[in-house]
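First up is the structure itself, then whatever we jot down about it.
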Amino acid sequence: MANLKFQTLLGMHDTLPQDQAYFLKVRKSVESVVNYYSFSRIDTPILEMTEVFVKGTGVDTDIVEKEMYSFRTKGGDMVALRPEFTPGIVRSYIENGMFNLPQPVKLWTMGPCFRHERPQAGRYRQFTQLDLEILGDASASTDGQIIQMSYDILKELSFKNLSIEVNSIGDSECRPYFKKILTSYFKSKKSSLCSNCQRRLKDNPLRILDCKDEKCQRIKAGAPQIVDHLCEACHAHFKQVLEFLDELELPYVLNPYLVRGLDYYTKTVFEIVDKSENGESQGTLIGGGRYDNLVKLMGGRNTPACGAAGGIDRIINLMKAKEVKTLKVEEPQVFLAQLGQLAKRKSLKLFEEFRNAKIPVAESFSKDSLKAQLRSANKINAKYVLIFGQKEALEDFITLKNMETGDQEEIKIDKIVEEIKKRIKK
């Protein structure tokens with residue numbers, strides 16, 4: 001035990017101080033977009049009843065079958081760490097009676113999610129996800145708004161080579177017939193499918209279209225396309241979505257085999273990918289779609305809805321690779337240097353007075369040498385240094401040093417906050 005080395009668990013990672021600037025930039029960009037579109041923030045628990053995700057995400061999905069962290073509590077309840085946000089937000093929408101609010105209800109959130117999958121670049125077992133949801137609106141304009149917002153967030157983060165892949169997967173009217181056609185096609189190729197897809201063929205053939213196995217990808221390329229089998233209502237809805245995207249002049253392409261990996265989607269599905277200079281995809285950054293049946297499936301009223309989610313860790317990894325500039329935190333213009341125990345004690349109170357006046361002041365309470373503290377002030381390019389030593393503390397004044405001119409003057413301690421406020425506003 002003496003030689004035990006503690007380290008992060010596989011698939012988990014620390015967000016170090018130097019990475020926080022990227023998260024801050026992402027949060028600022030997200031907030032500027034969601035605030036403009038009048039979205040309200042919601043935070044749901046990290047831990048939910050397992051059934052929320054089994055029912056919501058879908059029993060046949062990889063998330064529920066393989067990736068969800070689910071366990072029994074000491075009280076005997078089956079619970080799960082959230083693998084995604086949408087089912088928990090729908091549960092909250094129903095539980096808190098949000099269907100009684102003026103519709104649609106626009107919600108957003110960002111926080112940690114958990115999936116037990118193979119760790120790789122930009123993909124972790126604990127990851128940060130962005131989520132946008134509009135509940136209570138069936139119009140195609142809602143789909144267009146969610147796609148526009150997702151695109152805007154990525155543009156704000158300096159992504160330039162974005163492409164929107166979009167498809168319609170129909171609804172309960174037209175999808176059953178398409179499933180029969182799709183099942184018939186894949187049955188004729190069954191021996192060439194991976195073992196997972198052979199099993200999916202019986203329960204949910206649409207999942208095969210989402211398989212990343214190379215041999216399944218080749219077979220998928222010849223599969224029937226659902227856009228050729230949409231009912232009249234789904235066809236009209238999808239046509240309107242594409243017209244909105246044309247009007248918005250967004251760079252989209254039709255991907256007839258895009259289905260997304262979740263069971264609750266209906267009609268529109270989309271993914272926004274970043275293309276490298278040679279045109280290769282760098283992976284999906286934000287994806288989503290419409291889920292008109294989920295609220296009812298989870299015990300609520302019949303409520304149309306549309307949403308999107310994005311992996312912040314992957315977005316930040318690409319921002320780093322592209323050397324995207326982060327938000328620069330403005331350094332304080334004032335540095336408080338103190339010498340001796342009496343000055344240190346009084347400095348703490350003085351520091352609070354500056355904080356109450358909303359004047360940023362840097363300090364180095366751990367250093368005793370004036371020379372060392374002046375070096376610290378130079379590093380942050382402080383304009384003024386307040387020198388507070390034993391003499392100053394006893395006689396209730398502070399020596400104010402102008403770092404540009406080198407001039408020094410003595411100012412009464414009860415006047416220093418107002419004096420600094422006047423000088424830094426000049």
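Simple scheme: letters A, B, ... for chains in structure tokens order, numbers from 1 for residues in each chain, numbers from 1 for ligands in the order shown.
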Mind dumping a table of every region 215-273 of chain A residue within 6 Å of region 171-195 of chain A, with the nearest atom pair and its distance in Å to one decimal, using only C-alpha atoms, sorted by chain and rising number, as CSV?
```
residue,atom,partner,partner_atom,distance
A:Cys216,CA,A:Leu193,CA,5.5
A:Leu230,CA,A:Cys174,CA,5.7
A:Cys231,CA,A:Cys174,CA,5.3
A:Thr266,CA,A:Asp171,CA,5.2
A:Lys267,CA,A:Asp171,CA,5.9
```
Closest atom pairs, region 22-98 of chain A residues within 9 Å of region 113-116 of chain A, only C-alpha atoms, as JSON lines:
```
{"residue": "A:Ile46", "atom": "CA", "partner": "A:Cys113", "partner_atom": "CA", "distance": 7.4}
{"residue": "A:Ile63", "atom": "CA", "partner": "A:Arg115", "partner_atom": "CA", "distance": 7.2}
{"residue": "A:Lys66", "atom": "CA", "partner": "A:His116", "partner_atom": "CA", "distance": 7.3}
{"residue": "A:Glu67", "atom": "CA", "partner": "A:His116", "partner_atom": "CA", "distance": 4.3}
{"residue": "A:Met68", "atom": "CA", "partner": "A:Arg115", "partner_atom": "CA", "distance": 5.3}
{"residue": "A:Tyr69", "atom": "CA", "partner": "A:Arg115", "partner_atom": "CA", "distance": 6.5}
{"residue": "A:Leu81", "atom": "CA", "partner": "A:Phe114", "partner_atom": "CA", "distance": 6.1}
{"residue": "A:Arg82", "atom": "CA", "partner": "A:Cys113", "partner_atom": "CA", "distance": 5.5}
{"residue": "A:Pro83", "atom": "CA", "partner": "A:Phe114", "partner_atom": "CA", "distance": 4.8}
{"residue": "A:Glu84", "atom": "CA", "partner": "A:Cys113", "partner_atom": "CA", "distance": 5.9}
{"residue": "A:Phe85", "atom": "CA", "partner": "A:Cys113", "partner_atom": "CA", "distance": 7.9}
```
Generate the output file for the selected residues, C-alpha atoms, as a PDB file, in the first residue's frame.
```pdb
ATOM      1  CA  ILE A  46     -26.436  13.509 -12.567  1.00  0.00           C
ATOM      2  CA  ILE A  63     -25.801   3.519 -24.723  1.00  0.00           C
ATOM      3  CA  LYS A  66     -23.262  -1.431 -23.286  1.00  0.00           C
ATOM      4  CA  GLU A  67     -22.267   2.024 -22.080  1.00  0.00           C
ATOM      5  CA  MET A  68     -24.517   3.140 -19.224  1.00  0.00           C
ATOM      6  CA  TYR A  69     -23.168   3.199 -15.667  1.00  0.00           C
ATOM      7  CA  LEU A  81     -25.280   8.131 -14.135  1.00  0.00           C
ATOM      8  CA  ARG A  82     -26.783  10.163 -16.958  1.00  0.00           C
ATOM      9  CA  PRO A  83     -25.316   9.178 -20.345  1.00  0.00           C
ATOM     10  CA  GLU A  84     -27.112  12.115 -22.022  1.00  0.00           C
ATOM     11  CA  PHE A  85     -29.472  14.953 -21.091  1.00  0.00           C
TER      12      PHE A  85
END
```
Residues near region 104-109 of chain A, cut-off 6 Å, only C-alpha atoms, skip fewer than 3 positions along chain, as a VMD selection string: chain A and resid 39 to 42 131 to 137
Output N, CA and C atoms for every residue in that selection, as a PDB file, in the first residue's frame.
```
ATOM      1  N   PHE A  39     -33.531  31.122 -24.526  1.00  0.00           N
ATOM      2  CA  PHE A  39     -33.538  29.815 -23.880  1.00  0.00           C
ATOM      3  C   PHE A  39     -33.269  30.001 -22.381  1.00  0.00           C
ATOM      4  N   SER A  40     -33.892  29.161 -21.548  1.00  0.00           N
ATOM      5  CA  SER A  40     -33.669  29.197 -20.101  1.00  0.00           C
ATOM      6  C   SER A  40     -32.816  28.009 -19.695  1.00  0.00           C
ATOM      7  N   ARG A  41     -31.937  28.219 -18.722  1.00  0.00           N
ATOM      8  CA  ARG A  41     -31.062  27.127 -18.264  1.00  0.00           C
ATOM      9  C   ARG A  41     -31.821  26.180 -17.338  1.00  0.00           C
ATOM     10  N   ILE A  42     -31.562  24.889 -17.491  1.00  0.00           N
ATOM     11  CA  ILE A  42     -32.082  23.872 -16.586  1.00  0.00           C
ATOM     12  C   ILE A  42     -30.911  22.973 -16.190  1.00  0.00           C
ATOM     13  N   ASP A 131     -26.416  20.865 -24.325  1.00  0.00           N
ATOM     14  CA  ASP A 131     -27.726  20.362 -24.735  1.00  0.00           C
ATOM     15  C   ASP A 131     -28.695  21.517 -24.971  1.00  0.00           C
ATOM     16  N   LEU A 132     -29.412  21.469 -26.088  1.00  0.00           N
ATOM     17  CA  LEU A 132     -30.444  22.445 -26.440  1.00  0.00           C
ATOM     18  C   LEU A 132     -31.744  21.690 -26.676  1.00  0.00           C
ATOM     19  N   GLU A 133     -32.872  22.164 -26.130  1.00  0.00           N
ATOM     20  CA  GLU A 133     -34.155  21.491 -26.313  1.00  0.00           C
ATOM     21  C   GLU A 133     -35.264  22.524 -26.504  1.00  0.00           C
ATOM     22  N   ILE A 134     -36.163  22.243 -27.460  1.00  0.00           N
ATOM     23  CA  ILE A 134     -37.397  23.017 -27.626  1.00  0.00           C
ATOM     24  C   ILE A 134     -38.552  22.034 -27.548  1.00  0.00           C
ATOM     25  N   LEU A 135     -39.401  22.180 -26.533  1.00  0.00           N
ATOM     26  CA  LEU A 135     -40.538  21.276 -26.331  1.00  0.00           C
ATOM     27  C   LEU A 135     -41.851  22.017 -26.529  1.00  0.00           C
ATOM     28  N   GLY A 136     -42.754  21.393 -27.310  1.00  0.00           N
ATOM     29  CA  GLY A 136     -44.072  21.974 -27.494  1.00  0.00           C
ATOM     30  C   GLY A 136     -44.271  22.703 -28.803  1.00  0.00           C
ATOM     31  N   ASP A 137     -43.478  22.392 -29.829  1.00  0.00           N
ATOM     32  CA  ASP A 137     -43.641  23.034 -31.138  1.00  0.00           C
ATOM     33  C   ASP A 137     -43.357  22.008 -32.229  1.00  0.00           C
TER      34      ASP A 137
END
```
Residues flagged alpha helix (DSSP H) by DSSP in region 287-426 of chain A, as an mmCIF file with C-alpha atoms, in the first residue's frame:
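Result went into part_12.cif, see below:
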```cif
data_model
loop_
_atom_site.group_PDB
_atom_site.id
_atom_site.type_symbol
_atom_site.label_atom_id
_atom_site.label_comp_id
_atom_site.auth_asym_id
_atom_site.auth_seq_id
_atom_site.Cartn_x
_atom_site.Cartn_y
_atom_site.Cartn_z
ATOM 1 C CA LEU A 294 -40.690 10.864 -26.313
ATOM 2 C CA VAL A 295 -42.728 12.990 -23.878
ATOM 3 C CA LYS A 296 -45.775 10.758 -24.361
ATOM 4 C CA LEU A 297 -43.613 7.614 -24.160
ATOM 5 C CA ILE A 312 -17.490 19.915 -25.440
ATOM 6 C CA ASP A 313 -14.296 17.872 -24.918
ATOM 7 C CA ARG A 314 -14.071 17.008 -28.617
ATOM 8 C CA ILE A 315 -14.802 20.620 -29.563
ATOM 9 C CA ILE A 316 -12.036 21.864 -27.253
ATOM 10 C CA ASN A 317 -9.528 19.306 -28.550
ATOM 11 C CA LEU A 318 -10.139 20.593 -32.083
ATOM 12 C CA MET A 319 -9.911 24.207 -30.897
ATOM 13 C CA LYS A 320 -6.478 23.405 -29.456
ATOM 14 C CA ALA A 321 -5.391 21.696 -32.684
ATOM 15 C CA GLN A 341 2.895 40.774 10.153
ATOM 16 C CA LEU A 342 0.916 43.888 11.130
ATOM 17 C CA ALA A 343 0.752 45.015 7.494
ATOM 18 C CA LYS A 344 -0.284 41.534 6.394
ATOM 19 C CA ARG A 345 -3.138 41.447 8.896
ATOM 20 C CA LYS A 346 -4.385 44.889 7.881
ATOM 21 C CA SER A 347 -3.933 44.011 4.178
ATOM 22 C CA LEU A 348 -6.574 41.316 4.376
ATOM 23 C CA LYS A 349 -9.206 43.859 5.406
ATOM 24 C CA LEU A 350 -7.972 46.343 2.795
ATOM 25 C CA PHE A 351 -8.176 43.620 0.148
ATOM 26 C CA GLU A 352 -11.850 43.099 1.039
ATOM 27 C CA GLU A 353 -12.524 46.827 0.684
ATOM 28 C CA PHE A 354 -11.124 46.730 -2.853
ATOM 29 C CA ARG A 355 -13.233 43.633 -3.614
ATOM 30 C CA ASN A 356 -16.404 45.391 -2.394
ATOM 31 C CA LEU A 370 9.527 43.814 -1.410
ATOM 32 C CA LYS A 371 11.864 43.079 -4.327
ATOM 33 C CA ALA A 372 10.131 39.723 -4.973
ATOM 34 C CA GLN A 373 6.698 41.345 -4.777
ATOM 35 C CA LEU A 374 7.692 44.101 -7.208
ATOM 36 C CA ARG A 375 8.863 41.394 -9.634
ATOM 37 C CA SER A 376 5.407 39.799 -9.362
ATOM 38 C CA ALA A 377 3.820 43.196 -10.065
ATOM 39 C CA ASN A 378 6.007 43.626 -13.157
ATOM 40 C CA LYS A 379 4.989 40.196 -14.474
ATOM 41 C CA GLN A 390 5.270 48.328 9.229
ATOM 42 C CA LYS A 391 5.556 52.143 9.229
ATOM 43 C CA GLU A 392 2.557 52.542 6.944
ATOM 44 C CA ALA A 393 0.477 50.126 9.026
ATOM 45 C CA LEU A 394 1.281 51.986 12.285
ATOM 46 C CA GLU A 395 0.585 55.444 10.810
ATOM 47 C CA ILE A 416 -6.847 54.795 -0.986
ATOM 48 C CA VAL A 417 -9.831 52.912 -2.480
ATOM 49 C CA GLU A 418 -11.434 56.109 -3.835
ATOM 50 C CA GLU A 419 -8.055 57.365 -5.063
ATOM 51 C CA ILE A 420 -7.366 54.162 -7.011
ATOM 52 C CA LYS A 421 -10.895 54.158 -8.400
ATOM 53 C CA LYS A 422 -10.317 57.652 -9.864
ATOM 54 C CA ARG A 423 -6.908 56.763 -11.315
ATOM 55 C CA ILE A 424 -7.803 53.508 -13.075
#
```
Here is a test: counting only C-alpha atoms, which residue of A:Ile146, A:Val59, A:Ala233, A:Val361 is nearest to Val269 (chain A)?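 Selected residue with least distance to Val269 (chain A): A:Ile146.
The smallest atom-to-atom distance between Val259 (chain A) and any of A:Lys239, A:Arg301, A:His229, A:Arg207, using only C-alpha atoms, is found for A:Arg207.
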Find the residues near region 242-256 of chain A: any atom within 6 Å, counting only C-alpha atoms, skip ones fewer than 3 places away on the same chain, and give them as a list of chain:residue names.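 Contacts, in chain order: A:Gly144, A:Ser163, A:Ile164, A:Glu165, A:Val166, A:Asn167, A:Gln225, A:Lys239.
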Å distance separating CA of Asn196 (chain A) from CA of Gly222 (chain A), one decimal place: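 Going from CA of Asn196 (chain A) over to CA of Gly222 (chain A) covers 19.2 Å.
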